[in-house]
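Inspection log for the structure reproduced underneath, given as structure tokens.
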Amino acid sequence: MDFIALPSARHYTIRNVRLARAGEDGTTRFFKSEVSVRDGRLTEQPSAARIDAGGGIVLPVFVDMHTHLDKGHTWPRASNPDGTFDGALSTVRNDRALHWSERDVRMRMDFSLQCAFAHGTRAIRTHLDSASPQHRISWPVFRETAQDWAGRMELQAVALVPIEDVDSHGDFVEIANLVAASEGVLGCVTYPCGDFTRRLNVLFRMAAEREVDLDLHVDETHDTDSNTLREIAATAIETGFGGAVTVGHCCSLSRQPAGIAAETMELVARSGLAVVSLPMCNLYLQDRGLARTPRWRGVTLVHELDARGVPVCFASDNTRDPFYAYGDLDMVEVMREATRICHLDHASRPWLDAFSARPAEACGFSRSALEPGDPADFILFSARNWTELLARPQSDRVVVRNGLAIDRSLPDYRQLDELMETR
């Protein structure tokens, strides 16, 4: 149950709230204030209809910039046999061939969006497995879903294929054209392979020709010899690519010798790349072995990248599928876990924007802020400080969209039971 009931008036003021801002030392601090809403937008004009929030924190609604809506909620019929990355790849490949019809993808995608919306997310970028012929199913479904959710959720899609599928002819040209027609983002999974440099240049050229951005899965491995991140950054500089480039994971960076990692990060900073870390999924997959304890956390060098001015963000990644058995597209959970896993709590720079404003800018979504004139989209928590906010799941949060508290009821997993029957 929500901890507070908002007035039904079109103009109201929530007093005694705490808003976040960067302190003189760079850390995020909360200060007492009030929030006024009029006709669905934030306003500086207070109202006679007032309610006391008891010092609760108000944050902007979240932006989740790296998800996999097409894979989500397949675990009951396609569980990872050993929790490894290879186990996830083979399981998804088999499940996709057997089950990913228009109806299957659509129902699971919509279920995921219901969860994200109820938790307080307003914008999502999803990667879509686009190896032929799946792109002819998933992209039309995505476009229909985006239309259905217009006004509630901003959605973007990224084409996801292995780097070895990237070429200037064949199916990848069709995929790239489909991305452009769908106002999407071009992408692939990068790893060392033969002809890597040529294929990477093809990817950049095809994105430039179609005037679309790039979003890549990069070095999602513990293998220190995997450093495609360096070549991506160098290619962005050499080609003068005019679009935005996002790189996700970059796990091997944290395993490489300090000097090599530093050189790569300097190149990333020069190139203007944005980095998104996926701490929950990488903690689950990386350094996993049978009957042994993992030795590292799987995440990239978020503090070192941030110190060099690289925009670093955090996101959900996979949800109840072979790549991650858990999750619910709840950015509060992502923030709580990222704080623990990446030690964001004692940092000298603010990290709160890494879950809202930074990903919005990196993806080109509408801005995520709490300024007068902005849509009244925010989350009101009963928590009054960081330790209260991060200690509990905040199940009583109030999510406000266009000035109105939404119904935060989550969909029942039983809605998907018919899709989980294996053949």
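The chains in the structure tokens are called A, B, ... from first to last as shown; in each chain the residues are counted from 1, and the ligands are counted from 1 in the order shown.
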Can you list, as a CSV table (one decimal) with N, CA and C atoms, in the first residue's frame, every protein, DNA or RNA residue that comes within 12 Å of A:Glu266 when you count only C-alpha atoms, leaving out same-chain residues fewer than 5 positions away?
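Writing done, so here's selection.csv:
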```csv
chain,number,residue,atom,x,y,z
A,229,LEU,N,36.8,-2.6,-26.9
A,229,LEU,CA,36.4,-1.2,-26.5
A,229,LEU,C,37.4,-0.2,-27.1
A,230,ARG,N,38.7,-0.5,-27.0
A,230,ARG,CA,39.7,0.4,-27.5
A,230,ARG,C,39.5,0.7,-29.0
A,233,ALA,N,36.4,2.9,-29.7
A,233,ALA,CA,36.7,4.3,-29.4
A,233,ALA,C,37.5,4.9,-30.5
A,234,ALA,N,38.6,4.2,-30.9
A,234,ALA,CA,39.4,4.7,-32.0
A,234,ALA,C,38.7,4.9,-33.3
A,259,GLY,N,47.9,0.0,-16.7
A,259,GLY,CA,48.4,0.9,-17.8
A,259,GLY,C,47.5,0.7,-19.1
A,260,ILE,N,47.2,-0.5,-19.4
A,260,ILE,CA,46.4,-0.8,-20.6
A,260,ILE,C,45.0,-0.2,-20.4
A,261,ALA,N,44.4,-0.5,-19.3
A,261,ALA,CA,43.1,0.0,-19.0
A,261,ALA,C,43.1,1.5,-19.0
A,271,SER,N,36.7,10.0,-27.3
A,271,SER,CA,35.7,9.6,-28.4
A,271,SER,C,34.3,10.0,-28.1
A,272,GLY,N,34.0,10.4,-26.9
A,272,GLY,CA,32.6,10.8,-26.5
A,272,GLY,C,31.7,9.6,-26.3
A,273,LEU,N,32.2,8.4,-26.2
A,273,LEU,CA,31.3,7.2,-25.9
A,273,LEU,C,30.6,7.4,-24.5
A,304,GLU,N,36.6,5.1,-12.4
A,304,GLU,CA,37.7,5.6,-13.2
A,304,GLU,C,37.2,6.2,-14.5
A,305,LEU,N,36.2,5.6,-15.1
A,305,LEU,CA,35.6,6.2,-16.3
A,305,LEU,C,34.9,7.5,-16.0
A,306,ASP,N,34.2,7.5,-15.0
A,306,ASP,CA,33.5,8.8,-14.6
A,306,ASP,C,34.4,9.9,-14.2
A,307,ALA,N,35.6,9.6,-13.6
A,307,ALA,CA,36.6,10.6,-13.3
A,307,ALA,C,37.2,11.2,-14.5
A,308,ARG,N,37.1,10.5,-15.6
A,308,ARG,CA,37.7,11.0,-16.9
A,308,ARG,C,36.6,11.7,-17.7
A,309,GLY,N,35.4,11.9,-17.1
A,309,GLY,CA,34.4,12.7,-17.8
A,309,GLY,C,33.5,11.8,-18.7
A,310,VAL,N,33.7,10.5,-18.7
A,310,VAL,CA,32.8,9.6,-19.5
A,310,VAL,C,31.5,9.5,-18.9
```
Name all residues at most 10 Å from A:Asp407 (count only C-alpha atoms; drop same-chain ones fewer than 6 positions away) and give them as a list of chain:residue names.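 Contacts, with the query itself left out: A:Asp2, A:Phe117, A:Ala118, A:Val398, A:Val399, A:Val400.
For the residues A:Leu42, A:Ala78, A:Leu59, A:Met65, ranking by smallest atom-to-atom distance to A:Glu421 using only C-alpha atoms places A:Ala78 first.
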Could you name the residues that touch A:Asp165 at 10 Å or less, counting only C-alpha atoms, but leaving out those on the same chain fewer than 3 positions away, as number ranges by chain? A: 131-132, 160-162, 168, 170-172, 188-189, 199
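Between A:Leu410 and the candidates A:Gly151, A:Ser395, A:Thr145, A:Gly184, the tightest atom-to-atom separation, counting only C-alpha atoms, involves A:Ser395.
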Using DSSP secondary structure from the backbone, list all strand (DSSP E) positions within stretch 139-288 of chain A, as a PyMOL selection string. chain A and resi 154-160+186-190+214-218+245-249+274-277
Just write the chosen residues, N, CA, C and O atoms, as an mmCIF file, in the first residue's frame.
```cif
data_model
loop_
_atom_site.group_PDB
_atom_site.id
_atom_site.type_symbol
_atom_site.label_atom_id
_atom_site.label_comp_id
_atom_site.auth_asym_id
_atom_site.auth_seq_id
_atom_site.Cartn_x
_atom_site.Cartn_y
_atom_site.Cartn_z
ATOM 1 N N GLU A 154 8.363 6.070 -23.136
ATOM 2 C CA GLU A 154 9.173 6.290 -24.334
ATOM 3 C C GLU A 154 9.985 5.026 -24.585
ATOM 4 O O GLU A 154 10.644 4.510 -23.672
ATOM 5 N N LEU A 155 9.952 4.554 -25.819
ATOM 6 C CA LEU A 155 10.635 3.303 -26.143
ATOM 7 C C LEU A 155 11.568 3.474 -27.332
ATOM 8 O O LEU A 155 11.244 4.165 -28.300
ATOM 9 N N GLN A 156 12.736 2.843 -27.244
ATOM 10 C CA GLN A 156 13.683 2.738 -28.346
ATOM 11 C C GLN A 156 14.103 1.282 -28.476
ATOM 12 O O GLN A 156 14.108 0.537 -27.493
ATOM 13 N N ALA A 157 14.485 0.889 -29.685
ATOM 14 C CA ALA A 157 14.960 -0.480 -29.906
ATOM 15 C C ALA A 157 16.318 -0.457 -30.595
ATOM 16 O O ALA A 157 16.621 0.436 -31.395
ATOM 17 N N VAL A 158 17.147 -1.445 -30.264
ATOM 18 C CA VAL A 158 18.483 -1.609 -30.827
ATOM 19 C C VAL A 158 18.563 -2.981 -31.487
ATOM 20 O O VAL A 158 18.181 -3.987 -30.886
ATOM 21 N N ALA A 159 19.068 -3.039 -32.707
ATOM 22 C CA ALA A 159 19.283 -4.321 -33.375
ATOM 23 C C ALA A 159 20.497 -5.012 -32.765
ATOM 24 O O ALA A 159 21.578 -4.422 -32.673
ATOM 25 N N LEU A 160 20.322 -6.262 -32.351
ATOM 26 C CA LEU A 160 21.399 -7.005 -31.703
ATOM 27 C C LEU A 160 21.740 -8.243 -32.530
ATOM 28 O O LEU A 160 20.917 -9.138 -32.700
ATOM 29 N N LEU A 186 21.339 1.061 -34.265
ATOM 30 C CA LEU A 186 22.073 -0.072 -34.815
ATOM 31 C C LEU A 186 23.056 -0.580 -33.770
ATOM 32 O O LEU A 186 23.665 0.210 -33.044
ATOM 33 N N GLY A 187 23.214 -1.898 -33.701
ATOM 34 C CA GLY A 187 24.117 -2.432 -32.699
ATOM 35 C C GLY A 187 24.600 -3.826 -33.038
ATOM 36 O O GLY A 187 24.196 -4.427 -34.033
ATOM 37 N N CYS A 188 25.486 -4.327 -32.198
ATOM 38 C CA CYS A 188 25.981 -5.691 -32.329
ATOM 39 C C CYS A 188 26.715 -6.054 -31.047
ATOM 40 O O CYS A 188 26.893 -5.226 -30.151
ATOM 41 N N VAL A 189 27.138 -7.320 -30.963
ATOM 42 C CA VAL A 189 27.960 -7.796 -29.857
ATOM 43 C C VAL A 189 29.390 -7.867 -30.364
ATOM 44 O O VAL A 189 29.667 -8.532 -31.373
ATOM 45 N N THR A 190 30.319 -7.165 -29.704
ATOM 46 C CA THR A 190 31.711 -7.157 -30.164
ATOM 47 C C THR A 190 32.582 -8.051 -29.292
ATOM 48 O O THR A 190 32.423 -8.105 -28.071
ATOM 49 N N LEU A 214 24.492 4.274 -32.460
ATOM 50 C CA LEU A 214 25.046 2.940 -32.235
ATOM 51 C C LEU A 214 24.989 2.586 -30.756
ATOM 52 O O LEU A 214 25.186 3.445 -29.897
ATOM 53 N N ASP A 215 24.720 1.317 -30.476
ATOM 54 C CA ASP A 215 24.728 0.810 -29.098
ATOM 55 C C ASP A 215 25.257 -0.619 -29.152
ATOM 56 O O ASP A 215 24.637 -1.498 -29.760
ATOM 57 N N LEU A 216 26.400 -0.845 -28.513
ATOM 58 C CA LEU A 216 27.116 -2.111 -28.662
ATOM 59 C C LEU A 216 27.276 -2.834 -27.327
ATOM 60 O O LEU A 216 27.532 -2.212 -26.299
ATOM 61 N N HIS A 217 27.132 -4.164 -27.375
ATOM 62 C CA HIS A 217 27.544 -5.024 -26.264
ATOM 63 C C HIS A 217 29.051 -5.254 -26.421
ATOM 64 O O HIS A 217 29.486 -5.776 -27.454
ATOM 65 N N VAL A 218 29.843 -4.916 -25.399
ATOM 66 C CA VAL A 218 31.296 -4.871 -25.582
ATOM 67 C C VAL A 218 32.027 -5.673 -24.500
ATOM 68 O O VAL A 218 31.802 -5.462 -23.300
ATOM 69 N N VAL A 245 27.223 7.105 -29.538
ATOM 70 C CA VAL A 245 27.690 5.727 -29.415
ATOM 71 C C VAL A 245 27.646 5.330 -27.949
ATOM 72 O O VAL A 245 28.248 5.993 -27.098
ATOM 73 N N THR A 246 26.928 4.255 -27.670
ATOM 74 C CA THR A 246 26.856 3.704 -26.309
ATOM 75 C C THR A 246 27.514 2.341 -26.298
ATOM 76 O O THR A 246 27.323 1.536 -27.219
ATOM 77 N N VAL A 247 28.296 2.064 -25.274
ATOM 78 C CA VAL A 247 28.918 0.751 -25.104
ATOM 79 C C VAL A 247 28.475 0.184 -23.763
ATOM 80 O O VAL A 247 28.521 0.864 -22.741
ATOM 81 N N GLY A 248 28.030 -1.065 -23.781
ATOM 82 C CA GLY A 248 27.544 -1.702 -22.561
ATOM 83 C C GLY A 248 28.470 -2.805 -22.097
ATOM 84 O O GLY A 248 29.192 -3.415 -22.888
ATOM 85 N N HIS A 249 28.470 -3.059 -20.803
ATOM 86 C CA HIS A 249 29.216 -4.124 -20.133
ATOM 87 C C HIS A 249 30.686 -3.736 -19.952
ATOM 88 O O HIS A 249 31.088 -3.329 -18.875
ATOM 89 N N ALA A 274 29.389 6.875 -24.454
ATOM 90 C CA ALA A 274 28.715 6.708 -23.162
ATOM 91 C C ALA A 274 28.820 5.238 -22.770
ATOM 92 O O ALA A 274 28.757 4.351 -23.627
ATOM 93 N N VAL A 275 28.990 4.979 -21.489
ATOM 94 C CA VAL A 275 29.149 3.619 -20.981
ATOM 95 C C VAL A 275 27.978 3.285 -20.076
ATOM 96 O O VAL A 275 27.613 4.086 -19.204
ATOM 97 N N VAL A 276 27.376 2.108 -20.276
ATOM 98 C CA VAL A 276 26.322 1.648 -19.379
ATOM 99 C C VAL A 276 26.772 0.354 -18.723
ATOM 100 O O VAL A 276 27.184 -0.596 -19.395
ATOM 101 N N SER A 277 26.730 0.342 -17.405
ATOM 102 C CA SER A 277 27.100 -0.835 -16.623
ATOM 103 C C SER A 277 25.838 -1.578 -16.201
ATOM 104 O O SER A 277 24.827 -0.963 -15.859
#
```
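The smallest atom-to-atom distance between A:Val63 and any of A:Ala347, A:Ala123, A:Ala369, A:Val179, using only C-alpha atoms, is found for A:Ala123.
Atom pair atom CA of A:Glu238 / atom CA of A:Arg205 has a distance of 11.8 Å (rounded to one decimal).
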For A:Asn177, which residue among A:Asp412, A:Glu164, A:Glu211, A:Asp52 is the nearest when counting only C-alpha atoms?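 So, comparing all the options, the nearest one is A:Glu211.
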Shell around A:Tyr326 at 9 Å using only C-alpha atoms, local window under 6 positions removed, as a ChimeraX atom specification: /A:75,280-281,318-320
Write out as an MDAnalysis selection string all residues of stretch 329-415 of chain A that DSSP puts in helix (DSSP H, G or I) for this structure's backbone. chainID A and resid 331:342 352:355 357:363 386:391 413:415
Would you list the contacts of A:His119 as an MDAnalysis selection string, taking every protein, DNA or RNA residue within 12 Å and counting only C-alpha atoms, but skipping same-chain residues closer than 3 positions in sequence? chainID A and resid 61:64 112:116 122:123 327:334 378:381 393:401 405:411
May I have the residues within 9 Å of A:Asn282 as a count of residues only, using only C-alpha atoms and disregarding those fewer than 3 positions away in the same chain? 14
